[in-house]
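Shown next: start-v7.tsv, given as TSV, C-alpha atoms.
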```
chain	number	residue	atom	x	y	z
W	1	MET	CA	92.07	-48.12	-26.87
W	2	GLU	CA	89.45	-45.83	-25.35
W	3	SER	CA	86.68	-47.54	-27.30
W	4	LYS	CA	87.43	-50.88	-25.60
W	5	ASP	CA	85.02	-51.11	-22.69
W	6	ASN	CA	86.98	-53.94	-21.08
W	7	ILE	CA	90.10	-51.79	-20.59
W	8	ALA	CA	90.23	-50.43	-17.02
W	9	LEU	CA	93.60	-48.66	-17.34
W	10	SER	CA	95.72	-47.78	-20.36
W	11	VAL	CA	99.35	-46.65	-20.03
W	12	ARG	CA	101.10	-45.22	-23.09
W	13	ASP	CA	104.80	-44.27	-23.51
W	14	LEU	CA	105.15	-43.51	-19.79
W	15	LYS	CA	108.44	-41.91	-18.72
W	16	THR	CA	109.20	-41.27	-15.05
W	17	PHE	CA	112.61	-39.77	-14.23
W	18	PHE	CA	114.37	-39.23	-10.90
W	19	TYR	CA	116.75	-36.30	-10.39
W	20	THR	CA	119.52	-36.40	-7.76
W	21	ASN	CA	122.85	-34.56	-7.57
W	22	ASN	CA	122.46	-33.16	-11.09
W	23	ARG	CA	121.99	-36.68	-12.47
W	24	CYS	CA	118.94	-38.27	-14.06
W	25	ASN	CA	117.73	-41.83	-13.52
W	26	LYS	CA	115.30	-42.84	-16.28
W	27	ALA	CA	113.53	-45.30	-13.97
W	28	VAL	CA	110.57	-45.81	-16.34
W	29	ASN	CA	111.48	-45.06	-19.93
W	30	GLY	CA	108.62	-45.46	-22.39
W	31	VAL	CA	106.33	-48.13	-20.88
W	32	SER	CA	102.99	-49.06	-22.47
W	33	PHE	CA	100.39	-51.62	-21.38
W	34	ASP	CA	96.64	-52.16	-20.86
W	35	VAL	CA	94.92	-53.63	-17.82
W	36	GLU	CA	91.62	-55.40	-18.50
W	37	LYS	CA	88.67	-55.65	-16.11
W	38	GLY	CA	88.57	-58.95	-14.25
W	39	LYS	CA	92.08	-59.88	-15.42
W	40	THR	CA	95.51	-60.00	-13.78
W	41	LEU	CA	98.49	-58.32	-15.42
W	42	CYS	CA	101.79	-59.49	-13.91
W	43	ILE	CA	104.75	-57.13	-14.27
W	44	VAL	CA	107.93	-59.14	-13.75
W	45	GLY	CA	111.65	-58.43	-13.69
W	46	GLU	CA	114.69	-58.11	-11.47
W	47	SER	CA	114.96	-55.60	-8.62
W	48	GLY	CA	115.50	-52.09	-9.94
W	49	CYS	CA	113.81	-52.66	-13.32
W	50	GLY	CA	111.10	-50.04	-12.66
W	51	LYS	CA	108.13	-52.21	-11.58
W	52	SER	CA	107.39	-50.38	-8.30
W	53	VAL	CA	108.04	-46.95	-9.85
W	54	THR	CA	105.43	-47.75	-12.51
W	55	ALA	CA	102.92	-48.55	-9.74
W	56	ALA	CA	103.83	-45.41	-7.76
W	57	THR	CA	103.40	-43.32	-10.93
W	58	ILE	CA	99.89	-44.68	-11.53
W	59	MET	CA	98.99	-43.86	-7.91
W	60	GLN	CA	100.70	-40.42	-8.10
W	61	LEU	CA	102.83	-41.37	-5.06
W	62	LEU	CA	106.20	-40.29	-6.48
W	63	PRO	CA	108.84	-38.64	-4.26
W	64	THR	CA	109.67	-34.94	-4.58
W	65	LEU	CA	112.70	-35.22	-6.87
W	66	SER	CA	110.89	-37.13	-9.59
W	67	ARG	CA	108.32	-36.38	-12.24
W	68	ILE	CA	106.35	-37.79	-15.15
W	69	GLU	CA	108.23	-36.53	-18.21
W	70	GLU	CA	105.99	-37.92	-20.93
W	71	GLY	CA	103.16	-40.34	-21.55
W	72	GLU	CA	99.55	-40.96	-20.66
W	73	ILE	CA	97.80	-42.89	-17.88
W	74	LYS	CA	94.15	-43.22	-18.90
W	75	PHE	CA	91.78	-44.54	-16.27
W	76	ARG	CA	88.24	-45.50	-17.26
W	77	LYS	CA	85.82	-44.44	-14.52
W	78	ASN	CA	82.41	-45.65	-15.66
W	79	ASP	CA	82.03	-43.95	-19.06
W	80	GLU	CA	84.55	-41.20	-18.33
W	81	ILE	CA	88.25	-41.27	-19.30
W	82	ILE	CA	90.53	-39.60	-16.73
W	83	ASN	CA	94.13	-38.71	-17.56
W	84	ILE	CA	95.85	-39.40	-14.22
W	85	GLU	CA	99.18	-37.85	-15.30
W	86	LYS	CA	97.44	-34.45	-15.61
W	87	LEU	CA	95.97	-34.52	-12.10
W	88	GLU	CA	97.59	-32.71	-9.19
W	89	LYS	CA	99.40	-35.20	-6.90
W	90	ASN	CA	97.47	-34.31	-3.77
W	91	GLY	CA	94.54	-32.58	-5.44
W	92	LYS	CA	90.92	-33.40	-4.62
W	93	GLU	CA	90.31	-35.45	-7.78
W	94	MET	CA	93.41	-37.64	-7.29
W	95	ARG	CA	92.57	-38.22	-3.60
W	96	GLU	CA	89.07	-39.33	-4.61
W	97	ILE	CA	90.51	-41.89	-7.06
W	98	ARG	CA	93.27	-43.12	-4.75
W	99	GLY	CA	91.93	-45.74	-2.33
W	100	SER	CA	88.45	-45.73	-3.84
W	101	ASP	CA	88.83	-46.51	-7.55
W	102	ILE	CA	92.51	-47.53	-7.57
W	103	ALA	CA	93.90	-49.17	-4.43
W	104	MET	CA	97.38	-50.47	-3.63
W	105	ILE	CA	98.78	-53.23	-1.45
W	106	PHE	CA	102.29	-52.27	-0.45
W	107	GLN	CA	105.27	-54.59	-0.25
W	108	ASP	CA	105.86	-54.40	3.52
W	109	PRO	CA	102.68	-54.23	5.64
W	110	MET	CA	104.64	-53.46	8.82
W	111	THR	CA	105.84	-50.14	7.39
W	112	ALA	CA	102.58	-49.44	5.51
W	113	LEU	CA	100.43	-49.83	8.64
W	114	ASN	CA	100.73	-47.12	11.31
W	115	PRO	CA	101.80	-48.77	14.61
W	116	VAL	CA	100.02	-46.20	16.84
W	117	TYR	CA	96.52	-46.75	15.41
W	118	THR	CA	94.35	-49.85	15.58
W	119	VAL	CA	93.86	-51.87	12.40
W	120	GLY	CA	90.12	-51.11	12.49
W	121	PHE	CA	90.78	-47.35	12.68
W	122	GLN	CA	93.10	-47.51	9.66
W	123	ILE	CA	90.57	-49.44	7.56
W	124	SER	CA	87.76	-47.10	8.67
W	125	GLU	CA	89.67	-44.00	7.43
W	126	ASN	CA	89.21	-45.17	3.85
W	127	LEU	CA	85.50	-45.77	4.42
W	128	LYS	CA	84.98	-42.38	6.14
W	129	TYR	CA	86.55	-40.53	3.22
W	130	HIS	CA	85.00	-42.44	0.32
W	131	THR	CA	81.55	-43.56	1.59
W	132	ASN	CA	78.49	-42.13	3.37
W	133	LEU	CA	78.36	-44.85	6.04
W	134	ASN	CA	77.79	-43.83	9.66
W	135	ARG	CA	80.11	-44.84	12.52
W	136	LYS	CA	78.24	-48.05	13.36
W	137	GLN	CA	78.04	-49.15	9.72
W	138	ILE	CA	81.77	-48.43	9.25
W	139	ARG	CA	82.68	-50.64	12.23
W	140	GLU	CA	80.45	-53.43	10.93
W	141	LYS	CA	82.05	-53.10	7.49
W	142	CYS	CA	85.57	-53.29	9.01
W	143	ILE	CA	84.68	-56.46	10.91
W	144	SER	CA	83.09	-57.93	7.78
W	145	LEU	CA	86.20	-57.15	5.70
W	146	LEU	CA	88.54	-58.78	8.24
W	147	SER	CA	86.24	-61.79	8.33
W	148	ASP	CA	86.26	-62.03	4.51
W	149	MET	CA	90.06	-62.01	4.64
W	150	GLY	CA	90.01	-65.06	6.88
W	151	ILE	CA	91.20	-63.30	10.04
W	152	PRO	CA	89.93	-65.19	13.14
W	153	LEU	CA	87.89	-63.34	15.82
W	154	PRO	CA	87.45	-60.18	13.68
W	155	GLU	CA	85.27	-58.51	16.36
W	156	LYS	CA	88.29	-58.59	18.69
W	157	ARG	CA	91.04	-58.12	16.11
W	158	VAL	CA	89.48	-54.94	14.73
W	159	ASP	CA	90.53	-53.11	17.92
W	160	GLU	CA	94.08	-54.48	18.02
W	161	TYR	CA	97.28	-52.79	16.85
W	162	PRO	CA	99.43	-54.04	13.93
W	163	HIS	CA	102.11	-55.49	16.23
W	164	SER	CA	99.50	-57.97	17.57
W	165	TYR	CA	99.07	-59.40	14.06
W	166	SER	CA	101.31	-62.01	12.43
W	167	GLY	CA	102.96	-61.20	9.09
W	168	GLY	CA	100.24	-62.98	7.13
W	169	MET	CA	97.47	-61.30	9.10
W	170	ARG	CA	99.02	-57.85	8.57
W	171	GLN	CA	99.08	-58.49	4.84
W	172	ARG	CA	95.42	-59.59	4.97
W	173	ALA	CA	94.59	-56.39	6.87
W	174	MET	CA	96.32	-54.42	4.09
W	175	ILE	CA	94.21	-56.24	1.49
W	176	ALA	CA	91.07	-55.53	3.55
W	177	MET	CA	92.02	-51.84	3.59
W	178	ALA	CA	92.63	-51.85	-0.17
W	179	MET	CA	89.36	-53.68	-0.94
W	180	ALA	CA	87.21	-51.63	1.48
W	181	CYS	CA	85.65	-49.52	-1.30
W	182	ASN	CA	85.58	-52.25	-4.00
W	183	PRO	CA	88.20	-50.59	-6.24
W	184	LYS	CA	88.11	-51.04	-9.98
W	185	ILE	CA	91.89	-51.57	-10.03
W	186	LEU	CA	94.05	-53.25	-7.38
W	187	ILE	CA	97.84	-52.80	-7.54
W	188	ALA	CA	99.72	-55.42	-5.51
W	189	ASP	CA	103.44	-54.65	-5.15
W	190	GLU	CA	105.08	-57.98	-4.25
W	191	PRO	CA	102.42	-58.57	-1.58
W	192	THR	CA	103.85	-61.87	-0.26
W	193	THR	CA	107.61	-61.27	-0.27
W	194	ALA	CA	108.17	-61.85	3.45
W	195	LEU	CA	105.55	-64.56	3.96
W	196	ASP	CA	105.81	-68.34	4.06
W	197	VAL	CA	104.50	-70.35	1.11
W	198	THR	CA	101.24	-71.51	2.72
W	199	ILE	CA	100.25	-67.92	3.57
W	200	GLN	CA	101.34	-66.83	0.08
W	201	ALA	CA	99.00	-69.40	-1.47
W	202	GLN	CA	96.10	-68.25	0.72
W	203	ILE	CA	96.63	-64.58	-0.14
W	204	PHE	CA	96.86	-65.24	-3.88
W	205	GLU	CA	93.72	-67.39	-3.67
W	206	LEU	CA	92.01	-64.51	-1.86
W	207	MET	CA	93.07	-61.98	-4.53
W	208	ASP	CA	91.83	-64.30	-7.29
W	209	LYS	CA	88.47	-64.62	-5.52
W	210	LEU	CA	88.17	-60.83	-5.17
W	211	LYS	CA	88.98	-60.43	-8.87
W	212	LYS	CA	86.29	-62.88	-9.94
W	213	GLU	CA	83.58	-61.60	-7.56
W	214	ASN	CA	84.13	-57.85	-8.14
W	215	ASP	CA	85.48	-57.87	-11.74
W	216	THR	CA	88.53	-56.06	-10.35
W	217	ALA	CA	91.53	-55.50	-12.63
W	218	ILE	CA	94.74	-56.51	-10.84
W	219	ILE	CA	98.29	-55.35	-11.50
W	220	LEU	CA	100.56	-57.81	-9.69
W	221	ILE	CA	104.21	-56.82	-9.38
W	222	THR	CA	106.49	-59.77	-8.72
W	223	HIS	CA	109.84	-61.38	-9.49
W	224	ASP	CA	108.51	-64.90	-8.89
W	225	MET	CA	107.87	-66.70	-12.18
W	226	GLY	CA	105.96	-69.44	-10.33
W	227	VAL	CA	103.42	-66.88	-9.16
W	228	VAL	CA	103.16	-65.57	-12.72
W	229	ALA	CA	102.42	-69.05	-14.08
W	230	GLU	CA	99.71	-69.55	-11.46
W	231	LEU	CA	97.91	-66.19	-11.51
W	232	ALA	CA	98.64	-64.16	-14.64
W	233	ASP	CA	96.27	-63.62	-17.52
W	234	ASN	CA	98.74	-61.23	-19.17
W	235	VAL	CA	102.46	-60.68	-18.55
W	236	ALA	CA	104.80	-57.71	-19.07
W	237	VAL	CA	108.53	-58.38	-18.64
W	238	MET	CA	110.48	-55.26	-17.59
W	239	TYR	CA	114.19	-54.55	-17.76
W	240	MET	CA	115.88	-51.23	-16.91
W	241	GLY	CA	112.73	-49.15	-17.36
W	242	ASN	CA	111.51	-50.80	-20.59
W	243	ILE	CA	109.00	-53.55	-21.28
W	244	VAL	CA	111.05	-56.02	-23.33
W	245	GLU	CA	108.29	-58.58	-23.89
W	246	ALA	CA	104.54	-58.63	-23.31
W	247	GLY	CA	101.63	-60.90	-24.09
W	248	THR	CA	99.27	-63.43	-22.62
W	249	ALA	CA	100.69	-65.74	-19.95
W	250	ASP	CA	100.66	-68.54	-22.53
W	251	ASP	CA	102.58	-66.40	-25.06
W	252	VAL	CA	105.31	-65.32	-22.67
W	253	LEU	CA	105.78	-68.49	-20.57
W	254	ARG	CA	105.43	-71.11	-23.33
W	255	ARG	CA	106.93	-69.12	-26.22
W	256	PRO	CA	109.46	-66.67	-24.72
W	257	THR	CA	110.86	-64.55	-27.53
W	258	HIS	CA	113.31	-62.28	-25.69
W	259	PRO	CA	116.64	-63.59	-24.32
W	260	TYR	CA	115.90	-61.92	-20.97
W	261	THR	CA	112.55	-63.69	-20.58
W	262	LYS	CA	114.21	-67.02	-21.37
W	263	ALA	CA	117.00	-66.24	-18.87
W	264	LEU	CA	114.42	-65.47	-16.15
W	265	LEU	CA	112.62	-68.76	-16.79
W	266	GLU	CA	115.85	-70.79	-16.82
W	267	SER	CA	116.97	-69.33	-13.50
W	268	VAL	CA	113.95	-70.84	-11.69
W	269	PRO	CA	113.96	-74.50	-10.52
W	270	VAL	CA	111.05	-76.60	-11.80
W	271	LEU	CA	109.15	-78.73	-9.28
W	272	GLY	CA	109.41	-82.45	-10.01
W	273	ARG	CA	112.59	-82.37	-12.10
W	274	GLY	CA	114.85	-83.27	-9.18
W	275	LYS	CA	118.22	-81.96	-8.05
W	276	ASN	CA	120.06	-82.63	-11.33
W	277	GLN	CA	118.15	-80.04	-13.39
W	278	ASP	CA	120.10	-77.16	-14.94
W	279	ILE	CA	119.53	-73.85	-13.18
W	280	ASN	CA	121.33	-71.06	-15.01
W	281	PRO	CA	121.67	-67.68	-13.27
W	282	ILE	CA	121.60	-64.64	-15.54
W	283	LYS	CA	125.21	-63.64	-16.17
W	284	GLY	CA	126.46	-60.26	-14.97
W	285	SER	CA	124.36	-57.77	-13.05
W	286	THR	CA	121.98	-54.91	-13.84
W	287	PRO	CA	123.88	-51.83	-15.00
W	288	ASP	CA	124.21	-48.57	-13.06
W	289	PRO	CA	121.02	-46.60	-13.82
W	290	TYR	CA	123.13	-43.42	-14.06
W	291	ASN	CA	125.57	-45.02	-16.52
W	292	ARG	CA	123.46	-47.12	-18.82
W	293	PRO	CA	124.64	-49.03	-21.90
W	294	ILE	CA	123.75	-47.50	-25.25
W	295	GLY	CA	120.98	-49.13	-27.24
W	296	CYS	CA	119.48	-52.35	-25.86
W	297	GLN	CA	119.85	-52.28	-22.08
W	298	PHE	CA	120.18	-56.07	-21.84
W	299	ALA	CA	122.92	-56.33	-24.49
W	300	PRO	CA	125.94	-56.55	-22.08
W	301	ARG	CA	124.39	-59.66	-20.46
W	302	CYS	CA	123.02	-61.24	-23.64
W	303	ASN	CA	124.58	-64.15	-25.57
W	304	TRP	CA	122.98	-62.84	-28.76
W	305	GLN	CA	124.57	-59.37	-28.68
W	306	THR	CA	125.69	-57.89	-32.02
W	307	GLU	CA	126.60	-54.42	-33.28
W	308	SER	CA	122.94	-53.80	-34.13
W	309	CYS	CA	122.20	-53.84	-30.38
W	310	ASP	CA	123.90	-50.42	-30.08
W	311	ILE	CA	120.57	-49.04	-31.30
W	312	MET	CA	117.51	-49.51	-29.09
W	313	PRO	CA	115.23	-52.02	-30.87
W	314	GLU	CA	111.68	-51.05	-31.74
W	315	ILE	CA	108.70	-53.07	-30.50
W	316	SER	CA	107.90	-55.94	-32.89
W	317	GLN	CA	104.42	-57.48	-33.00
W	318	ILE	CA	104.67	-61.29	-33.14
W	319	ASN	CA	100.90	-61.85	-33.15
W	320	GLU	CA	97.81	-59.97	-31.99
W	321	THR	CA	98.66	-60.35	-28.29
W	322	HIS	CA	102.43	-60.96	-28.22
W	323	GLN	CA	105.12	-58.29	-28.69
W	324	VAL	CA	108.87	-58.09	-28.10
W	325	ARG	CA	111.68	-55.51	-28.15
W	326	CYS	CA	114.67	-57.34	-29.72
W	327	HIS	CA	116.57	-57.07	-33.04
W	328	LYS	CA	117.21	-60.81	-33.31
W	329	TYR	CA	113.99	-62.18	-31.84
W	330	GLU	CA	113.13	-64.29	-34.93
W	331	GLN	CA	116.48	-66.11	-34.93
W	332	PHE	CA	116.42	-66.46	-31.15
W	333	PHE	CA	112.88	-67.84	-31.13
W	334	GLU	CA	113.72	-70.37	-33.87
W	335	LYS	CA	116.85	-71.54	-32.03
W	336	TYR	CA	115.06	-71.69	-28.68
W	337	ASN	CA	112.26	-73.84	-30.14
W	338	GLU	CA	114.80	-76.23	-31.74
W	339	LYS	CA	116.54	-76.70	-28.39
W	340	ARG	CA	113.21	-77.06	-26.54
W	341	ASN	CA	111.84	-79.65	-28.99
W	342	SER	CA	115.05	-81.70	-28.83
W	343	LYS	CA	114.71	-81.84	-25.02
W	344	ILE	CA	111.10	-83.01	-25.29
W	345	THR	CA	111.90	-85.75	-27.84
```
Could you render the structure from this file as structure tokens?
Amino acid sequence: MESKDNIALSVRDLKTFFYTNNRCNKAVNGVSFDVEKGKTLCIVGESGCGKSVTAATIMQLLPTLSRIEEGEIKFRKNDEIINIEKLEKNGKEMREIRGSDIAMIFQDPMTALNPVYTVGFQISENLKYHTNLNRKQIREKCISLLSDMGIPLPEKRVDEYPHSYSGGMRQRAMIAMAMACNPKILIADEPTTALDVTIQAQIFELMDKLKKENDTAIILITHDMGVVAELADNVAVMYMGNIVEAGTADDVLRRPTHPYTKALLESVPVLGRGKNQDINPIKGSTPDPYNRPIGCQFAPRCNWQTESCDIMPEISQINETHQVRCHKYEQFFEKYNEKRNSKIT
């Protein structure tokens, strides 16, 4: 993968475990994916599947009682390959990458922004650390960033505190902070969870514009399949610490090959089909991470479960871009297509 110049970040067999009360939670258990420059990779799945832990691992922002057990996180910085998993969490090299080359938009801007400092001060910290701009240039840059994010009266707003901002404006300020140094990779962890749909649309439009103008690679973490359909170039579906299906957006959304992916899609209402459409929630609930099922983690909730599911399935390559982790994917895919075609006709 290192020879591919379009790959900004390559993750291979990543395992991140949490240790509490002499128990181990395998939060991320062998995850692999690539993030391409100027493309959006959407990581989707239910709460607790390991999406945010994957992001925190890439940023080296893991809590004390956790560690990277195995795997590689290879970041391409110009012509140099940096193994992030080998860097010290708060070492000089990691601090230089974090915020400058790889930036993150956190899920809740109210807790991510410090309430006792102005928004302008918090954006300027990133610029002070990672650039050679003087004080006047930094202030001008902060105002320019807020203006680019569509915040009205940026010259005034730059000196205001987070509580003076609405939810949408706080999220825009977080994006301004993340984009201050034109990062090569932007990680957005459910950036619009608490916002209304019009603000969501504006923020996603803004992220898409930043991606196209700066050739930024984006990792978007979400549980909203509508957002995936709108923004994703590539999709990785996660369940209980594993990627169960991955491919282009077209592969995964039009030709789902894992029962979990199909279940996610069927649990979302489709605009225009009216109130009589079938919306099927996924049966059961996610298992206790400290008492996991043997073999395939989705088996207890799957209609296709057999004895073979007691062994964790290997990754099967469907085509050049599409892969799945399921023993019975061929039969499932054939049956799913039959049912889909009968609905269309």
**Residue among W:Tyr19, W:Ser47, W:Ser10, W:Gly99 lying closest to W:Leu62, counting only C-alpha atoms** =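 Selected residue with least distance to W:Leu62: W:Tyr19.
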Assuming 4 Å of padding per side, give the centre and edge lengths of the axis-aligned box around every listed atom of stretch 235-238 of chain W, in Å to one decimal and as lines of an AutoDock Vina configuration file.
```
center_x = 106.5
center_y = -58.0
center_z = -18.3
size_x = 16.0
size_y = 13.4
size_z = 9.5
```
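Considering only C-alpha atoms, the residue among W:Gln137, W:Gln107, W:Asn234, W:Gln122 positioned nearest to W:Gly167 is W:Gln107.
For the set W:Val119, W:Val35, W:Ile7, W:Leu153, the residue with the smallest atom-to-atom gap to W:Ile175 is W:Val119, counting only C-alpha atoms.
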Please tabulate, as JSON lines, the residues of stretch 236-268 of chain W that come within 10 Å of stretch 39-43 of chain W, each with its closest pair of atoms and the distance in Å to one decimal, counting only C-alpha atoms and ordering rows by chain, then residue number upward.
```
{"residue": "W:Ala236", "atom": "CA", "partner": "W:Ile43", "partner_atom": "CA", "distance": 4.8}
{"residue": "W:Val237", "atom": "CA", "partner": "W:Ile43", "partner_atom": "CA", "distance": 5.9}
{"residue": "W:Met238", "atom": "CA", "partner": "W:Ile43", "partner_atom": "CA", "distance": 6.9}
{"residue": "W:Ile243", "atom": "CA", "partner": "W:Ile43", "partner_atom": "CA", "distance": 8.9}
{"residue": "W:Ala246", "atom": "CA", "partner": "W:Ile43", "partner_atom": "CA", "distance": 9.2}
{"residue": "W:Gly247", "atom": "CA", "partner": "W:Leu41", "partner_atom": "CA", "distance": 9.6}
{"residue": "W:Thr248", "atom": "CA", "partner": "W:Leu41", "partner_atom": "CA", "distance": 8.9}
{"residue": "W:Ala249", "atom": "CA", "partner": "W:Cys42", "partner_atom": "CA", "distance": 8.8}
```
**Item:** W:Gln297 environment, 8 Å, only C-alpha atoms, sequence neighbours closer than 6 positions dropped, as a list in words
**Value:**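 My list of contacting residues is Tyr239, Met240 and Met312 of chain W.
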Just the selected residues (C-alpha atoms), exported as a PDB file, in the coordinates of the input, please.
```pdb
ATOM      1  CA  TYR W 239     114.190 -54.550 -17.760  1.00  0.00           C
ATOM      2  CA  MET W 240     115.880 -51.230 -16.910  1.00  0.00           C
ATOM      3  CA  MET W 312     117.510 -49.510 -29.090  1.00  0.00           C
TER       4      MET W 312
END
```
**Request:** Excluding stretch 274-283 of chain W and any residue of its chain fewer than 2 positions from it, enumerate the residues within 9 Å of it, using only C-alpha atoms, and give them as a ChimeraX atom specification.
**Result:** /W:260,263-264,266-272,285,301-302
**Item:** Test item: residues at most 12 Å from stretch 313-329 of chain W, all atoms listed in the file, excluding those fewer than 5 positions along its chain, as a count of residues only
**Value:** 51
Neighbours of W:Asn126 within 10 Å (only C-alpha atoms; same-chain residues fewer than 3 positions away dropped), as an mmCIF file with C-alpha atoms, in the frame of the given file?
```
data_model
loop_
_atom_site.group_PDB
_atom_site.id
_atom_site.type_symbol
_atom_site.label_atom_id
_atom_site.label_comp_id
_atom_site.auth_asym_id
_atom_site.auth_seq_id
_atom_site.Cartn_x
_atom_site.Cartn_y
_atom_site.Cartn_z
ATOM 1 C CA ARG W 98 93.270 -43.120 -4.750
ATOM 2 C CA GLY W 99 91.930 -45.740 -2.330
ATOM 3 C CA SER W 100 88.450 -45.730 -3.840
ATOM 4 C CA PHE W 121 90.780 -47.350 12.680
ATOM 5 C CA GLN W 122 93.100 -47.510 9.660
ATOM 6 C CA ILE W 123 90.570 -49.440 7.560
ATOM 7 C CA TYR W 129 86.550 -40.530 3.220
ATOM 8 C CA HIS W 130 85.000 -42.440 0.320
ATOM 9 C CA THR W 131 81.550 -43.560 1.590
ATOM 10 C CA ILE W 138 81.770 -48.430 9.250
ATOM 11 C CA MET W 177 92.020 -51.840 3.590
ATOM 12 C CA ALA W 178 92.630 -51.850 -0.170
ATOM 13 C CA MET W 179 89.360 -53.680 -0.940
ATOM 14 C CA ALA W 180 87.210 -51.630 1.480
ATOM 15 C CA CYS W 181 85.650 -49.520 -1.300
#
```
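When atom CA of W:Pro115 is paired with atom CA of W:Gly168, their separation reads 16.1 Å.
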**Request:** Tell me, in Å to one decimal, how far atom CA of W:Ala232 is from atom CA of W:Leu206.
**Result:**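 It comes out at 14.4 Å.
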**Request:** Check the smallest atom-to-atom distance from each of W:Gly50, W:Gly71, W:Pro162, W:Gly45 to W:Asn25 using all atoms listed in the file, then report the winner.
**Result:** W:Gly50
**Message:** Under the rule that all atoms listed in the file are counted, which of W:Arg273, W:Arg76, W:Lys89, W:Lys37 is the nearest residue to W:Met59?
**Reply:**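 For W:Met59, the nearest of the candidates is W:Lys89.
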Please rebuild stretch 40-52 of chain W with N, CA and C atoms and give the result as a tab-separated table (two decimals), in the frame of the given file.
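The file below, rebuild.tsv, is the result:
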```
chain	number	residue	atom	x	y	z
W	40	THR	N	94.29	-60.31	-14.53
W	40	THR	CA	95.51	-60.00	-13.78
W	40	THR	C	96.66	-59.79	-14.75
W	41	LEU	N	97.26	-58.61	-14.67
W	41	LEU	CA	98.49	-58.32	-15.42
W	41	LEU	C	99.65	-58.44	-14.45
W	42	CYS	N	100.58	-59.35	-14.73
W	42	CYS	CA	101.79	-59.49	-13.91
W	42	CYS	C	102.93	-58.72	-14.57
W	43	ILE	N	103.54	-57.82	-13.80
W	43	ILE	CA	104.75	-57.13	-14.27
W	43	ILE	C	105.92	-57.78	-13.56
W	44	VAL	N	106.82	-58.38	-14.34
W	44	VAL	CA	107.93	-59.14	-13.75
W	44	VAL	C	109.28	-58.57	-14.18
W	45	GLY	N	110.30	-58.88	-13.38
W	45	GLY	CA	111.65	-58.43	-13.69
W	45	GLY	C	112.48	-58.37	-12.42
W	46	GLU	N	113.78	-58.19	-12.61
W	46	GLU	CA	114.69	-58.11	-11.47
W	46	GLU	C	114.47	-56.84	-10.67
W	47	SER	N	115.02	-56.81	-9.45
W	47	SER	CA	114.96	-55.60	-8.62
W	47	SER	C	115.61	-54.44	-9.35
W	48	GLY	N	114.96	-53.29	-9.30
W	48	GLY	CA	115.50	-52.09	-9.94
W	48	GLY	C	115.10	-51.91	-11.39
W	49	CYS	N	114.18	-52.78	-11.90
W	49	CYS	CA	113.81	-52.66	-13.32
W	49	CYS	C	112.74	-51.61	-13.56
W	50	GLY	N	112.10	-51.10	-12.48
W	50	GLY	CA	111.10	-50.04	-12.66
W	50	GLY	C	109.68	-50.47	-12.36
W	51	LYS	N	109.49	-51.69	-11.84
W	51	LYS	CA	108.13	-52.21	-11.58
W	51	LYS	C	107.40	-51.34	-10.55
W	52	SER	N	108.05	-51.13	-9.39
W	52	SER	CA	107.39	-50.38	-8.30
W	52	SER	C	107.22	-48.91	-8.66
```
